[in-house]
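Chemist: Input structure: entry-v8.txt, which contains compact mmCIF, C-alpha atoms.
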# COMPACT_ATOMS: atom_id res chain seq x y z
CA MET A 1 0.00 0.00 0.00
CA PRO A 2 1.59 3.30 -1.01
CA ASP A 3 2.37 5.75 1.78
CA THR A 4 0.18 8.75 0.98
CA ALA A 5 0.74 10.49 4.32
CA ALA A 6 2.64 13.74 4.73
CA TYR A 7 4.72 15.44 7.43
CA GLU A 8 3.01 18.33 9.15
CA SER A 9 4.49 21.67 8.20
CA THR A 10 5.71 24.06 10.90
CA GLU A 11 6.79 27.68 10.92
CA ARG A 12 10.39 26.70 10.23
CA THR A 13 9.67 24.12 7.52
CA VAL A 14 7.67 26.58 5.40
CA PRO A 15 10.14 28.46 3.20
CA THR A 16 9.95 32.24 3.08
CA ARG A 17 10.36 32.09 -0.72
CA ASN A 18 9.44 29.70 -3.56
CA ARG A 19 6.85 27.95 -1.42
CA GLU A 20 5.65 26.02 -4.47
CA ARG A 21 8.94 24.12 -4.35
CA ALA A 22 8.28 22.75 -0.85
CA ALA A 23 6.90 19.24 -0.30
CA TYR A 24 5.98 17.30 2.83
CA ASP A 25 4.75 13.96 1.41
CA HIS A 26 6.46 10.93 2.92
CA ALA A 27 6.98 9.55 -0.60
CA VAL A 28 8.86 12.65 -1.81
CA VAL A 29 10.90 13.11 1.38
CA HIS A 30 11.84 9.44 1.70
CA ALA A 31 12.82 9.07 -1.97
CA ILE A 32 15.28 11.98 -1.67
CA LEU A 33 16.73 10.58 1.55
CA ASP A 34 17.00 7.06 0.10
CA GLU A 35 18.95 8.25 -2.93
CA GLY A 36 21.76 9.70 -0.80
CA TYR A 37 24.09 8.67 1.97
CA VAL A 38 26.02 11.85 2.87
CA CYS A 39 24.22 14.53 4.84
CA HIS A 40 25.34 17.82 6.37
CA LEU A 41 24.67 17.75 10.10
CA GLY A 42 24.35 21.09 11.87
CA PHE A 43 24.49 21.69 15.60
CA VAL A 44 25.31 24.53 17.97
CA ARG A 45 28.54 24.51 19.97
CA ASP A 46 29.37 27.39 22.33
CA GLY A 47 26.62 29.40 20.65
CA ALA A 48 28.09 29.03 17.15
CA PRO A 49 26.88 26.84 14.30
CA VAL A 50 28.90 23.81 13.17
CA VAL A 51 28.15 21.91 9.94
CA LEU A 52 29.87 18.58 9.30
CA PRO A 53 29.43 16.07 6.47
CA THR A 54 28.58 12.59 7.71
CA LEU A 55 26.87 9.39 6.59
CA TYR A 56 23.24 8.70 7.47
CA ALA A 57 20.68 5.94 7.02
CA ARG A 58 16.89 6.01 6.96
CA VAL A 59 14.89 3.26 8.65
CA GLY A 60 11.18 3.99 8.40
CA ARG A 61 10.56 7.36 10.04
CA ARG A 62 13.95 7.49 11.72
CA LEU A 63 17.38 8.61 10.59
CA TYR A 64 20.62 7.31 12.07
CA VAL A 65 24.11 8.79 12.07
CA HIS A 66 27.14 7.29 13.74
CA GLY A 67 30.67 8.11 14.67
CA SER A 68 33.43 7.58 17.14
CA THR A 69 32.36 7.92 20.75
CA GLY A 70 35.03 10.65 20.91
CA SER A 71 33.68 12.85 18.08
CA ARG A 72 32.14 16.18 19.06
CA PRO A 73 28.48 15.88 18.07
CA LEU A 74 28.29 12.29 19.27
CA ARG A 75 29.75 13.20 22.64
CA MET A 76 27.53 16.29 22.93
CA ALA A 77 24.40 14.27 22.12
CA GLY A 78 25.30 11.75 24.82
CA GLU A 79 25.86 14.43 27.44
CA ALA A 80 22.86 16.66 26.68
CA ASP A 81 19.45 15.79 28.04
CA PRO A 82 17.26 14.93 26.12
CA GLY A 83 19.81 15.09 23.29
CA LEU A 84 21.40 17.46 20.80
CA GLN A 85 19.36 19.89 18.71
CA VAL A 86 20.36 19.31 15.11
CA CYS A 87 19.45 20.22 11.56
CA LEU A 88 20.24 17.47 9.06
CA THR A 89 20.23 18.36 5.36
CA VAL A 90 20.56 16.17 2.27
CA THR A 91 20.96 17.74 -1.18
CA HIS A 92 21.11 16.28 -4.69
CA VAL A 93 22.13 18.53 -7.60
CA ASP A 94 20.31 17.59 -10.82
CA GLY A 95 21.19 20.39 -13.21
CA LEU A 96 22.71 23.78 -13.85
CA VAL A 97 20.07 26.21 -15.08
CA LEU A 98 21.45 28.86 -17.43
CA ALA A 99 19.05 31.72 -18.08
CA ARG A 100 19.54 34.61 -20.50
CA SER A 101 19.74 36.92 -17.48
CA ALA A 102 22.36 36.42 -14.78
CA PHE A 103 19.59 37.00 -12.23
CA HIS A 104 17.55 33.93 -13.25
CA HIS A 105 20.46 31.48 -13.18
CA SER A 106 19.62 28.63 -10.85
CA ILE A 107 20.20 25.02 -9.93
CA ASN A 108 17.84 22.08 -10.28
CA TYR A 109 18.04 20.23 -7.00
CA ARG A 110 16.20 18.09 -4.49
CA SER A 111 16.88 18.66 -0.81
CA VAL A 112 15.47 17.52 2.53
CA VAL A 113 15.88 19.46 5.77
CA VAL A 114 15.18 17.70 9.09
CA HIS A 115 14.95 19.59 12.38
CA GLY A 116 14.96 17.72 15.65
CA THR A 117 16.74 16.30 18.64
CA ALA A 118 19.38 13.63 18.06
CA ARG A 119 19.50 11.05 20.85
CA GLN A 120 22.11 8.39 21.56
CA VAL A 121 20.89 4.87 20.89
CA THR A 122 21.84 2.57 23.75
CA GLU A 123 19.69 -0.49 23.07
CA GLN A 124 22.00 -3.10 21.50
CA ALA A 125 19.59 -4.54 18.91
CA GLU A 126 18.70 -1.06 17.62
CA ARG A 127 22.40 -0.12 17.51
CA ALA A 128 23.25 -3.23 15.48
CA ALA A 129 20.34 -2.65 13.07
CA ALA A 130 21.34 1.00 12.65
CA LEU A 131 24.96 0.09 11.84
CA ASP A 132 23.77 -2.41 9.21
CA ALA A 133 21.46 0.26 7.78
CA LEU A 134 24.37 2.74 7.59
CA VAL A 135 26.43 0.29 5.50
CA ASP A 136 23.44 -0.66 3.32
CA GLN A 137 22.49 2.99 2.72
CA VAL A 138 25.81 3.45 0.89
CA VAL A 139 25.86 0.06 -0.89
CA PRO A 140 22.58 -1.88 -0.55
CA GLY A 141 23.33 -5.51 0.26
CA ARG A 142 26.80 -4.87 1.66
CA ALA A 143 26.05 -5.29 5.38
CA GLN A 144 25.38 -9.01 4.87
CA ASP A 145 28.64 -9.39 2.92
CA SER A 146 31.17 -8.06 5.45
CA ARG A 147 32.37 -8.94 8.93
CA PRO A 148 29.93 -7.54 11.53
CA ALA A 149 31.29 -5.29 14.26
CA ASP A 150 32.75 -7.10 17.27
CA ALA A 151 32.25 -6.04 20.89
CA LYS A 152 35.27 -3.71 20.89
CA GLU A 153 34.21 -1.97 17.68
CA LEU A 154 30.64 -1.62 18.95
CA ALA A 155 31.90 -0.06 22.16
CA ALA A 156 33.91 2.50 20.16
CA THR A 157 30.93 3.54 18.04
CA ALA A 158 28.16 5.90 19.03
CA VAL A 159 24.84 5.88 17.16
CA LEU A 160 22.41 8.80 17.11
CA ARG A 161 18.76 8.60 16.19
CA LEU A 162 16.79 11.49 14.73
CA ASP A 163 13.05 10.95 14.32
CA LEU A 164 11.46 12.29 11.14
CA GLU A 165 8.86 14.69 12.50
CA GLU A 166 9.72 18.23 11.45
CA VAL A 167 10.78 17.63 7.87
CA SER A 168 10.45 19.26 4.49
CA ALA A 169 11.68 18.68 0.96
CA LYS A 170 12.42 21.36 -1.59
CA VAL A 171 12.58 20.55 -5.29
CA ARG A 172 13.38 22.67 -8.34
CA THR A 173 12.96 21.15 -11.79
CA GLY A 174 12.64 22.42 -15.34
CA GLY A 175 14.20 25.08 -17.49
CA PRO A 176 15.13 28.70 -16.85
CA ASN A 177 12.44 31.20 -15.86
CA ASP A 178 13.57 34.12 -18.00
CA ASP A 179 11.45 37.23 -18.22
CA PRO A 180 9.53 37.29 -21.55
CA GLU A 181 11.41 40.38 -22.75
CA ASP A 182 14.74 38.52 -22.35
CA GLU A 183 13.80 35.51 -24.44
CA SER A 184 15.15 36.95 -27.68
CA LEU A 185 18.57 37.81 -26.24
CA PRO A 186 21.40 36.03 -28.08
CA TYR A 187 22.59 33.93 -25.12
CA TRP A 188 22.34 30.15 -25.04
CA SER A 189 19.87 29.14 -22.38
CA GLY A 190 18.83 25.81 -20.95
CA VAL A 191 19.87 23.13 -18.48
CA LEU A 192 23.10 21.17 -18.13
CA PRO A 193 22.11 17.89 -16.43
CA VAL A 194 24.22 16.82 -13.45
CA SER A 195 24.35 13.36 -11.92
CA ARG A 196 26.54 11.18 -9.74
CA ALA A 197 28.70 8.71 -11.66
CA TYR A 198 30.36 5.54 -10.41
CA GLY A 199 33.63 4.29 -11.86
CA THR A 200 35.23 0.86 -12.10
CA PRO A 201 35.75 -0.77 -8.67
CA VAL A 202 39.40 -0.69 -7.55
CA PRO A 203 40.32 -3.82 -5.53
CA ALA A 204 42.18 -3.33 -2.24
CA GLU A 205 45.88 -4.09 -2.13
CA GLY A 206 46.37 -7.76 -1.41
CA LEU A 207 42.81 -8.76 -2.25
CA ASP A 208 42.62 -12.46 -3.19
CA PRO A 209 42.07 -12.28 -6.99
CA SER A 210 39.55 -15.15 -6.78
CA VAL A 211 37.16 -12.80 -4.89
CA GLY A 212 35.12 -11.28 -7.71
CA VAL A 213 33.33 -7.92 -7.68
CA PRO A 214 29.96 -8.61 -6.03
CA ASP A 215 26.74 -8.20 -8.02
CA TYR A 216 25.35 -5.61 -5.61
CA LEU A 217 28.26 -3.32 -6.47
CA THR A 218 27.96 -3.52 -10.25
CA ALA A 219 24.16 -3.51 -10.22
CA ALA A 220 23.06 -1.12 -7.50
CA ARG A 221 24.97 1.98 -8.63
CA MET B 1 54.27 32.40 -7.64
CA PRO B 2 52.56 29.51 -5.90
CA ASP B 3 50.69 30.31 -2.68
CA THR B 4 52.52 28.29 -0.01
CA ALA B 5 50.80 29.97 2.93
CA ALA B 6 48.39 28.23 5.28
CA TYR B 7 45.43 29.18 7.45
CA GLU B 8 46.13 29.23 11.16
CA SER B 9 44.48 26.37 12.99
CA THR B 10 42.22 27.08 15.97
CA GLU B 11 40.64 24.92 18.65
CA ARG B 12 37.57 24.35 16.50
CA THR B 13 39.39 23.69 13.23
CA VAL B 14 41.51 20.88 14.72
CA PRO B 15 39.48 17.66 14.46
CA THR B 16 39.13 15.48 17.55
CA ARG B 17 39.81 12.41 15.38
CA ASN B 18 41.82 11.55 12.23
CA ARG B 19 43.97 14.66 12.59
CA GLU B 20 46.22 13.41 9.80
CA ARG B 21 43.35 14.09 7.41
CA ALA B 22 43.22 17.82 8.25
CA ALA B 23 44.90 20.43 6.03
CA TYR B 24 45.21 24.20 6.29
CA ASP B 25 47.26 25.09 3.18
CA HIS B 26 45.70 27.75 1.01
CA ALA B 27 46.37 25.56 -2.04
CA VAL B 28 44.45 22.56 -0.65
CA VAL B 29 41.57 24.60 0.77
CA HIS B 30 41.14 26.78 -2.32
CA ALA B 31 41.28 23.83 -4.76
CA ILE B 32 38.43 22.10 -2.89
CA LEU B 33 36.37 25.29 -2.82
CA ASP B 34 37.04 26.02 -6.50
CA GLU B 35 35.84 22.59 -7.61
CA GLY B 36 32.38 23.10 -6.12
CA TYR B 37 29.55 25.58 -6.21
CA VAL B 38 26.99 24.26 -3.70
CA CYS B 39 27.74 24.64 0.00
CA HIS B 40 25.77 23.90 3.15
CA LEU B 41 25.38 27.08 5.16
CA GLY B 42 24.70 26.72 8.88
CA PHE B 43 23.46 29.42 11.23
CA VAL B 44 21.59 29.64 14.50
CA ARG B 45 17.97 30.81 14.62
CA ASP B 46 16.10 31.02 17.94
CA GLY B 47 18.88 28.93 19.49
CA ALA B 48 18.51 26.06 17.01
CA PRO B 49 20.78 25.13 14.11
CA VAL B 50 19.63 25.59 10.50
CA VAL B 51 21.52 24.11 7.52
CA LEU B 52 20.55 25.19 4.00
CA PRO B 53 22.12 24.34 0.64
CA THR B 54 23.11 27.41 -1.34
CA LEU B 55 25.52 28.55 -4.05
CA TYR B 56 28.83 30.19 -3.17
CA ALA B 57 31.80 31.73 -4.94
CA ARG B 58 35.41 32.22 -3.88
CA VAL B 59 37.24 35.44 -4.71
CA GLY B 60 40.73 35.36 -3.20
CA ARG B 61 40.37 34.92 0.53
CA ARG B 62 36.66 35.73 0.56
CA LEU B 63 33.55 33.67 -0.05
CA TYR B 64 30.26 35.12 -1.23
CA VAL B 65 26.73 33.76 -0.98
CA HIS B 66 23.60 35.50 -2.21
CA GLY B 67 19.87 35.28 -2.05
CA SER B 68 16.65 37.17 -2.00
CA THR B 69 16.61 40.09 0.42
CA GLY B 70 13.62 38.29 2.00
CA SER B 71 15.35 34.97 2.71
CA ARG B 72 16.04 34.15 6.35
CA PRO B 73 19.84 34.03 6.62
CA LEU B 74 20.24 37.06 4.35
CA ARG B 75 17.77 39.08 6.39
CA MET B 76 19.33 37.93 9.66
CA ALA B 77 22.83 38.87 8.48
CA GLY B 78 21.60 42.33 7.54
CA GLU B 79 19.96 42.90 10.91
CA ALA B 80 22.68 41.47 13.17
CA ASP B 81 25.66 43.59 14.09
CA PRO B 82 28.41 42.86 13.02
CA GLY B 83 26.75 40.06 11.02
CA LEU B 84 25.58 36.49 11.25
CA GLN B 85 27.72 33.73 12.73
CA VAL B 86 27.87 30.96 10.17
CA CYS B 87 29.58 27.70 9.36
CA LEU B 88 29.92 27.08 5.63
CA THR B 89 30.81 23.55 4.50
CA VAL B 90 31.69 22.20 1.06
CA THR B 91 32.02 18.44 0.49
CA HIS B 92 33.08 16.35 -2.53
CA VAL B 93 32.57 12.58 -2.43
CA ASP B 94 35.33 10.74 -4.33
CA GLY B 95 34.75 7.09 -3.51
CA LEU B 96 32.96 4.46 -1.47
CA VAL B 97 35.47 2.51 0.62
CA LEU B 98 34.41 -1.11 1.19
CA ALA B 99 36.43 -2.87 3.87
CA ARG B 100 36.19 -6.54 4.88
CA SER B 101 34.83 -5.39 8.25
CA ALA B 102 31.65 -3.31 8.48
CA PHE B 103 33.50 -1.13 11.01
CA HIS B 104 36.18 0.07 8.55
CA HIS B 105 33.77 1.04 5.77
CA SER B 106 34.35 4.66 4.86
CA ILE B 107 34.07 7.36 2.21
CA ASN B 108 36.85 9.04 0.28
CA TYR B 109 36.02 12.74 0.38
CA ARG B 110 37.40 16.26 0.41
CA SER B 111 35.67 18.84 2.55
CA VAL B 112 36.24 22.41 3.70
CA VAL B 113 34.67 23.93 6.80
CA VAL B 114 34.67 27.72 7.22
CA HIS B 115 33.72 29.38 10.51
CA GLY B 116 33.08 33.10 10.65
CA THR B 117 30.76 36.06 10.51
CA ALA B 118 28.82 36.67 7.29
CA ARG B 119 28.34 40.36 6.57
CA GLN B 120 26.06 42.03 4.05
CA VAL B 121 27.91 43.62 1.16
CA THR B 122 26.56 47.09 0.47
CA GLU B 123 29.25 48.58 -1.78
CA GLN B 124 27.89 48.40 -5.34
CA ALA B 125 31.12 47.45 -7.17
CA GLU B 126 31.79 44.59 -4.74
CA ARG B 127 28.18 43.42 -5.04
CA ALA B 128 28.39 43.36 -8.84
CA ALA B 129 31.72 41.51 -8.80
CA ALA B 130 30.35 38.98 -6.29
CA LEU B 131 27.29 38.29 -8.45
CA ASP B 132 29.51 37.71 -11.50
CA ALA B 133 31.69 35.40 -9.41
CA LEU B 134 28.62 33.43 -8.27
CA VAL B 135 27.62 32.79 -11.91
CA ASP B 136 31.19 31.97 -12.96
CA GLN B 137 31.71 29.59 -10.02
CA VAL B 138 29.01 27.34 -11.50
CA VAL B 139 29.95 27.78 -15.17
CA PRO B 140 33.27 29.61 -15.69
CA GLY B 141 32.87 32.19 -18.44
CA ARG B 142 29.11 32.44 -18.19
CA ALA B 143 28.83 35.83 -16.44
CA GLN B 144 30.18 37.59 -19.55
CA ASP B 145 27.68 35.73 -21.73
CA SER B 146 24.38 36.67 -20.08
CA ARG B 147 22.42 39.83 -19.36
CA PRO B 148 23.79 41.55 -16.23
CA ALA B 149 21.42 42.32 -13.38
CA ASP B 150 19.46 45.56 -13.72
CA ALA B 151 18.76 48.00 -10.88
CA LYS B 152 15.55 46.26 -9.81
CA GLU B 153 17.19 42.83 -9.73
CA LEU B 154 20.18 44.20 -7.82
CA ALA B 155 17.85 45.74 -5.25
CA ALA B 156 16.10 42.39 -4.73
CA THR B 157 19.38 40.53 -4.15
CA ALA B 158 21.38 40.45 -0.94
CA VAL B 159 25.04 39.42 -0.99
CA LEU B 160 26.93 38.12 2.04
CA ARG B 161 30.69 38.03 2.43
CA LEU B 162 32.53 35.53 4.59
CA ASP B 163 36.26 36.05 4.97
CA LEU B 164 38.45 32.94 4.88
CA GLU B 165 40.20 33.11 8.24
CA GLU B 166 39.14 30.17 10.37
CA VAL B 167 39.22 27.43 7.77
CA SER B 168 40.21 23.80 7.50
CA ALA B 169 40.12 21.06 4.90
CA LYS B 170 39.70 17.37 5.58
CA VAL B 171 40.69 14.77 3.01
CA ARG B 172 40.46 10.98 2.97
CA THR B 173 42.05 9.07 0.10
CA GLY B 174 43.16 5.51 -0.56
CA GLY B 175 41.86 2.04 0.09
CA PRO B 176 40.26 0.41 3.12
CA ASN B 177 42.15 0.22 6.41
CA ASP B 178 41.24 -3.31 7.38
CA ASP B 179 42.85 -4.91 10.41
CA PRO B 180 45.58 -7.38 9.30
CA GLU B 181 43.67 -10.35 10.70
CA ASP B 182 40.67 -9.50 8.47
CA GLU B 183 42.59 -9.40 5.20
CA SER B 184 42.00 -13.06 4.38
CA LEU B 185 38.23 -12.84 4.87
CA PRO B 186 36.32 -13.80 1.70
CA TYR B 187 34.70 -10.38 1.15
CA TRP B 188 35.46 -8.17 -1.83
CA SER B 189 37.22 -5.07 -0.64
CA GLY B 190 38.32 -1.88 -2.35
CA VAL B 191 37.05 1.47 -3.58
CA LEU B 192 34.17 2.36 -5.88
CA PRO B 193 35.13 5.73 -7.44
CA VAL B 194 32.46 8.44 -7.40
CA SER B 195 32.43 11.60 -9.46
CA ARG B 196 30.08 14.26 -10.76
CA ALA B 197 28.93 13.74 -14.34
CA TYR B 198 27.49 16.28 -16.76
CA GLY B 199 24.97 15.30 -19.43
CA THR B 200 24.02 16.77 -22.80
CA PRO B 201 22.82 20.39 -22.53
CA VAL B 202 19.04 20.73 -22.92
CA PRO B 203 18.08 23.98 -24.68
CA ALA B 204 15.36 26.12 -23.15
CA GLU B 205 11.92 26.09 -24.75
CA GLY B 206 11.79 28.63 -27.52
CA LEU B 207 15.57 29.05 -27.76
CA ASP B 208 16.57 30.36 -31.20
CA PRO B 209 18.11 27.23 -32.82
CA SER B 210 20.88 29.37 -34.34
CA VAL B 211 22.27 29.98 -30.82
CA GLY B 212 24.76 27.12 -30.44
CA VAL B 213 25.94 25.54 -27.20
CA PRO B 214 28.79 27.77 -25.98
CA ASP B 215 32.34 26.41 -25.77
CA TYR B 216 32.59 27.16 -22.04
CA LEU B 217 29.72 24.75 -21.43
CA THR B 218 31.08 21.83 -23.44
CA ALA B 219 34.66 22.41 -22.36
CA ALA B 220 34.60 23.46 -18.73
CA ARG B 221 32.58 20.58 -17.30
Output the file's structure as structure tokens, nothing else.

Modeler:
Amino acid sequence: MPDTAAYESTERTVPTRNRERAAYDHAVVHAILDEGYVCHLGFVRDGAPVVLPTLYARVGRRLYVHGSTGSRPLRMAGEADPGLQVCLTVTHVDGLVLARSAFHHSINYRSVVVHGTARQVTEQAERAAALDALVDQVVPGRAQDSRPADAKELAATAVLRLDLEEVSAKVRTGGPNDDPEDESLPYWSGVLPVSRAYGTPVPAEGLDPSVGVPDYLTAAR
Amino acid sequence: MPDTAAYESTERTVPTRNRERAAYDHAVVHAILDEGYVCHLGFVRDGAPVVLPTLYARVGRRLYVHGSTGSRPLRMAGEADPGLQVCLTVTHVDGLVLARSAFHHSINYRSVVVHGTARQVTEQAERAAALDALVDQVVPGRAQDSRPADAKELAATAVLRLDLEEVSAKVRTGGPNDDPEDESLPYWSGVLPVSRAYGTPVPAEGLDPSVGVPDYLTAAR
């Protein structure tokens, strides 16, 4: 059954401009999140903003991020009660939009912004599932085809959970929006499509040559 | 003459982990910035972090971002004295690193994190140069080949400047760092290269067919 529900909008998830680009449907939000694996995680430290790139995974209506127990946001989330206020943003660039006027140049993109409180996950089964999800978010199928974390590695890793509650997507598609009086100007105008490309897998030094490239790597990306 | 100088490190630009991945050289930092055009801009609003994707341009040791005069961070930077505290982060993903152990999975990436105060640019010549730089950061050579902003468009656009002072790069390269005892495990291991790909330019509706695709578009990307 398709998920036709939507996230409730709030004052801070309604954009001040280009409101027609905003979306709250689960289907739109989740598809953007599922296509990526690197987010930009923002938090406040000593009153100042900090934005760090990190991996994430989506499991239902929850996001997970992880890191060393010694890393700043992970430590701060463990010490703060009830957790660390964060803003987690995922962006895909789909095209460069060249208008006749400099002013109307733009980017086709899909982004999701999540506001909320990131909490440390302490329950062992949820931690293990989140770590599998983090590996599978990058390469679906990989978690089952690698050595699981042992007790020492688990103890060194902190996992944060961020529930999807205050969430919005923003999407721009299509060609340039030039003013009608500019349309006859002699400048090329249109869209240069942008996508993510994957190259040929490079085996690790010393890899047993009888271990072939797995199907999930050649197929999935 | 090559720029052999480096940014001074501060408490918040020295990572708590993987310090060997950090770099402060102008050459490293500027090359990462120059390869991109979308950043994630973080600021604090009502005590909570906000992270938004936006375009940026580098001009020497300054970054510029722009937006509608009505957009939140632009308005906040104009109202705050001396400006708005921001963290601006740029990230390129270069590869997916598959280790034999789930724990040592990683990403090859290059990122730059800039901390500082974003100030509104009011001087007209600097504003015009910044807007050209923002167009040329996305498609080098394009600013000269489009209609410049008129007075009304200039009045609707706010430009912020962020000086490069407290800046660091972080770079991971190479293969997986598996523990020696894992190297004989029967899992494929190595790197899947990732890059940005550009497609065939799509002309705008109604574009005069005699206007060919400019060289800077086919060449630069």

Chemist: I'd like to know which of B:Leu98, B:Leu55, B:Ile32, B:Leu162 is closest to Ser111 in chain B, using all atoms listed in the file.

Modeler: B:Ile32

Chemist: Could you please determine the separation between CA of Leu131 in chain B and CA of Leu88 in chain B in Å, to one decimal place?

Modeler: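 Taking CA of Leu131 in chain B as the start and CA of Leu88 in chain B as the end point, the length is 18.2 Å.
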
Chemist: Name all residues at most 12 Å from Val28 in chain B (count only C-alpha atoms; drop same-chain ones fewer than 6 positions away) and give them as a VMD selection string.

Modeler: chain B and resid 2 to 7 21 to 22 34 to 35 110 to 112 167 to 171

Chemist: Quick one, how far is CA of Ala133 in chain B from CA of Val65 in chain B?

Modeler: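 So the two atoms, CA of Ala133 in chain B and CA of Val65 in chain B, lie 9.9 Å apart.
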
Chemist: So what do you get for CA of Glu183 in chain A versus CA of Val211 in chain B, distance-wise?

Modeler: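 Calculated distance between CA of Glu183 in chain A and CA of Val211 in chain B is 12.0 Å.
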
Chemist: Compare B:Pro148, B:Pro53, B:Gly212, B:Gly199 by their minimum atom-to-atom distance to Val38 in chain B, counting all atoms listed in the file, and give me the closest one.

Modeler: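 That would be B:Pro53, the residue with the smallest distance to Val38 in chain B.
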
Chemist: Do a neighbour search on Thr13 in chain A at 12 Å with all atoms listed in the file, toss out local chain neighbours closer than 3 positions, and write the hits as a PyMOL selection string.

Modeler: (chain A and resi 7-10+16-17+19+21-24+87+112-116+165-170) or (chain B and resi 50-52+72)

Chemist: Just to be explicit: take each residue in the selection above, keep C-alpha atoms, and write the result as an mmCIF file, keeping the file's coordinate frame.

Modeler:
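Contents of part.cif, as written:
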data_model
loop_
_atom_site.group_PDB
_atom_site.id
_atom_site.type_symbol
_atom_site.label_atom_id
_atom_site.label_comp_id
_atom_site.auth_asym_id
_atom_site.auth_seq_id
_atom_site.Cartn_x
_atom_site.Cartn_y
_atom_site.Cartn_z
ATOM 1 C CA TYR A 7 4.720 15.440 7.430
ATOM 2 C CA GLU A 8 3.010 18.330 9.150
ATOM 3 C CA SER A 9 4.490 21.670 8.200
ATOM 4 C CA THR A 10 5.710 24.060 10.900
ATOM 5 C CA THR A 16 9.950 32.240 3.080
ATOM 6 C CA ARG A 17 10.360 32.090 -0.720
ATOM 7 C CA ARG A 19 6.850 27.950 -1.420
ATOM 8 C CA ARG A 21 8.940 24.120 -4.350
ATOM 9 C CA ALA A 22 8.280 22.750 -0.850
ATOM 10 C CA ALA A 23 6.900 19.240 -0.300
ATOM 11 C CA TYR A 24 5.980 17.300 2.830
ATOM 12 C CA CYS A 87 19.450 20.220 11.560
ATOM 13 C CA VAL A 112 15.470 17.520 2.530
ATOM 14 C CA VAL A 113 15.880 19.460 5.770
ATOM 15 C CA VAL A 114 15.180 17.700 9.090
ATOM 16 C CA HIS A 115 14.950 19.590 12.380
ATOM 17 C CA GLY A 116 14.960 17.720 15.650
ATOM 18 C CA GLU A 165 8.860 14.690 12.500
ATOM 19 C CA GLU A 166 9.720 18.230 11.450
ATOM 20 C CA VAL A 167 10.780 17.630 7.870
ATOM 21 C CA SER A 168 10.450 19.260 4.490
ATOM 22 C CA ALA A 169 11.680 18.680 0.960
ATOM 23 C CA LYS A 170 12.420 21.360 -1.590
ATOM 24 C CA VAL B 50 19.630 25.590 10.500
ATOM 25 C CA VAL B 51 21.520 24.110 7.520
ATOM 26 C CA LEU B 52 20.550 25.190 4.000
ATOM 27 C CA ARG B 72 16.040 34.150 6.350
#

Chemist: Do a neighbour search on Glu79 in chain B at 12 Å with all atoms listed in the file, toss out local chain neighbours closer than 2 positions, and write the hits as a CSV table (one decimal) with C-alpha atoms, in the coordinates of the input.

Modeler:
chain,number,residue,atom,x,y,z
B,69,THR,CA,16.6,40.1,0.4
B,70,GLY,CA,13.6,38.3,2.0
B,72,ARG,CA,16.0,34.2,6.4
B,73,PRO,CA,19.8,34.0,6.6
B,74,LEU,CA,20.2,37.1,4.4
B,75,ARG,CA,17.8,39.1,6.4
B,76,MET,CA,19.3,37.9,9.7
B,77,ALA,CA,22.8,38.9,8.5
B,81,ASP,CA,25.7,43.6,14.1
B,82,PRO,CA,28.4,42.9,13.0
B,83,GLY,CA,26.8,40.1,11.0
B,84,LEU,CA,25.6,36.5,11.2
B,118,ALA,CA,28.8,36.7,7.3
B,119,ARG,CA,28.3,40.4,6.6
B,120,GLN,CA,26.1,42.0,4.0

Chemist: Can you list, as a PyMOL selection string, every protein, DNA or RNA residue that comes within 10 Å of Asp208 in chain A when you count all atoms listed in the file, leaving out same-chain residues fewer than 5 positions away?

Modeler: (chain A and resi 203) or (chain B and resi 183-189)

Chemist: Point out the residue among B:Glu123, B:Asp215, B:Glu153, B:Asp179 with the least atom-to-atom distance to chain A, counting all atoms listed in the file.

Modeler: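 Closest residue, counting all atoms listed in the file: B:Glu153.
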
Chemist: Using only C-alpha atoms - which residues lie no farther than 7 Å from the point (36.6, 3.3, -1.3) in the file's frame? Write them as a PyMOL selection string.

Modeler: chain B and resi 95-98+106-108+174-176+190-193

Chemist: Measuring atom to atom with only C-alpha atoms, identify which of B:Ser71, B:Gln137, B:Thr54, B:Ser210 is nearest to chain A.

Modeler: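 Residue with the minimum atom-to-atom distance to chain A: B:Ser71.
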
Chemist: Which residues are close to Ser146 in chain A, i.e. within 8 Å by all atoms listed in the file, leaving aside same-chain residues fewer than 3 positions away? Reply as an mmCIF file with C-alpha atoms, in the coordinates of the input.

Modeler:
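Ended up saving to result-v4.cif:
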data_model
loop_
_atom_site.group_PDB
_atom_site.id
_atom_site.type_symbol
_atom_site.label_atom_id
_atom_site.label_comp_id
_atom_site.auth_asym_id
_atom_site.auth_seq_id
_atom_site.Cartn_x
_atom_site.Cartn_y
_atom_site.Cartn_z
ATOM 1 C CA ARG A 142 26.800 -4.870 1.660
ATOM 2 C CA ALA A 143 26.050 -5.290 5.380
ATOM 3 C CA ALA B 99 36.430 -2.870 3.870
ATOM 4 C CA ARG B 100 36.190 -6.540 4.880
ATOM 5 C CA SER B 101 34.830 -5.390 8.250
ATOM 6 C CA ALA B 102 31.650 -3.310 8.480
ATOM 7 C CA TYR B 187 34.700 -10.380 1.150
#
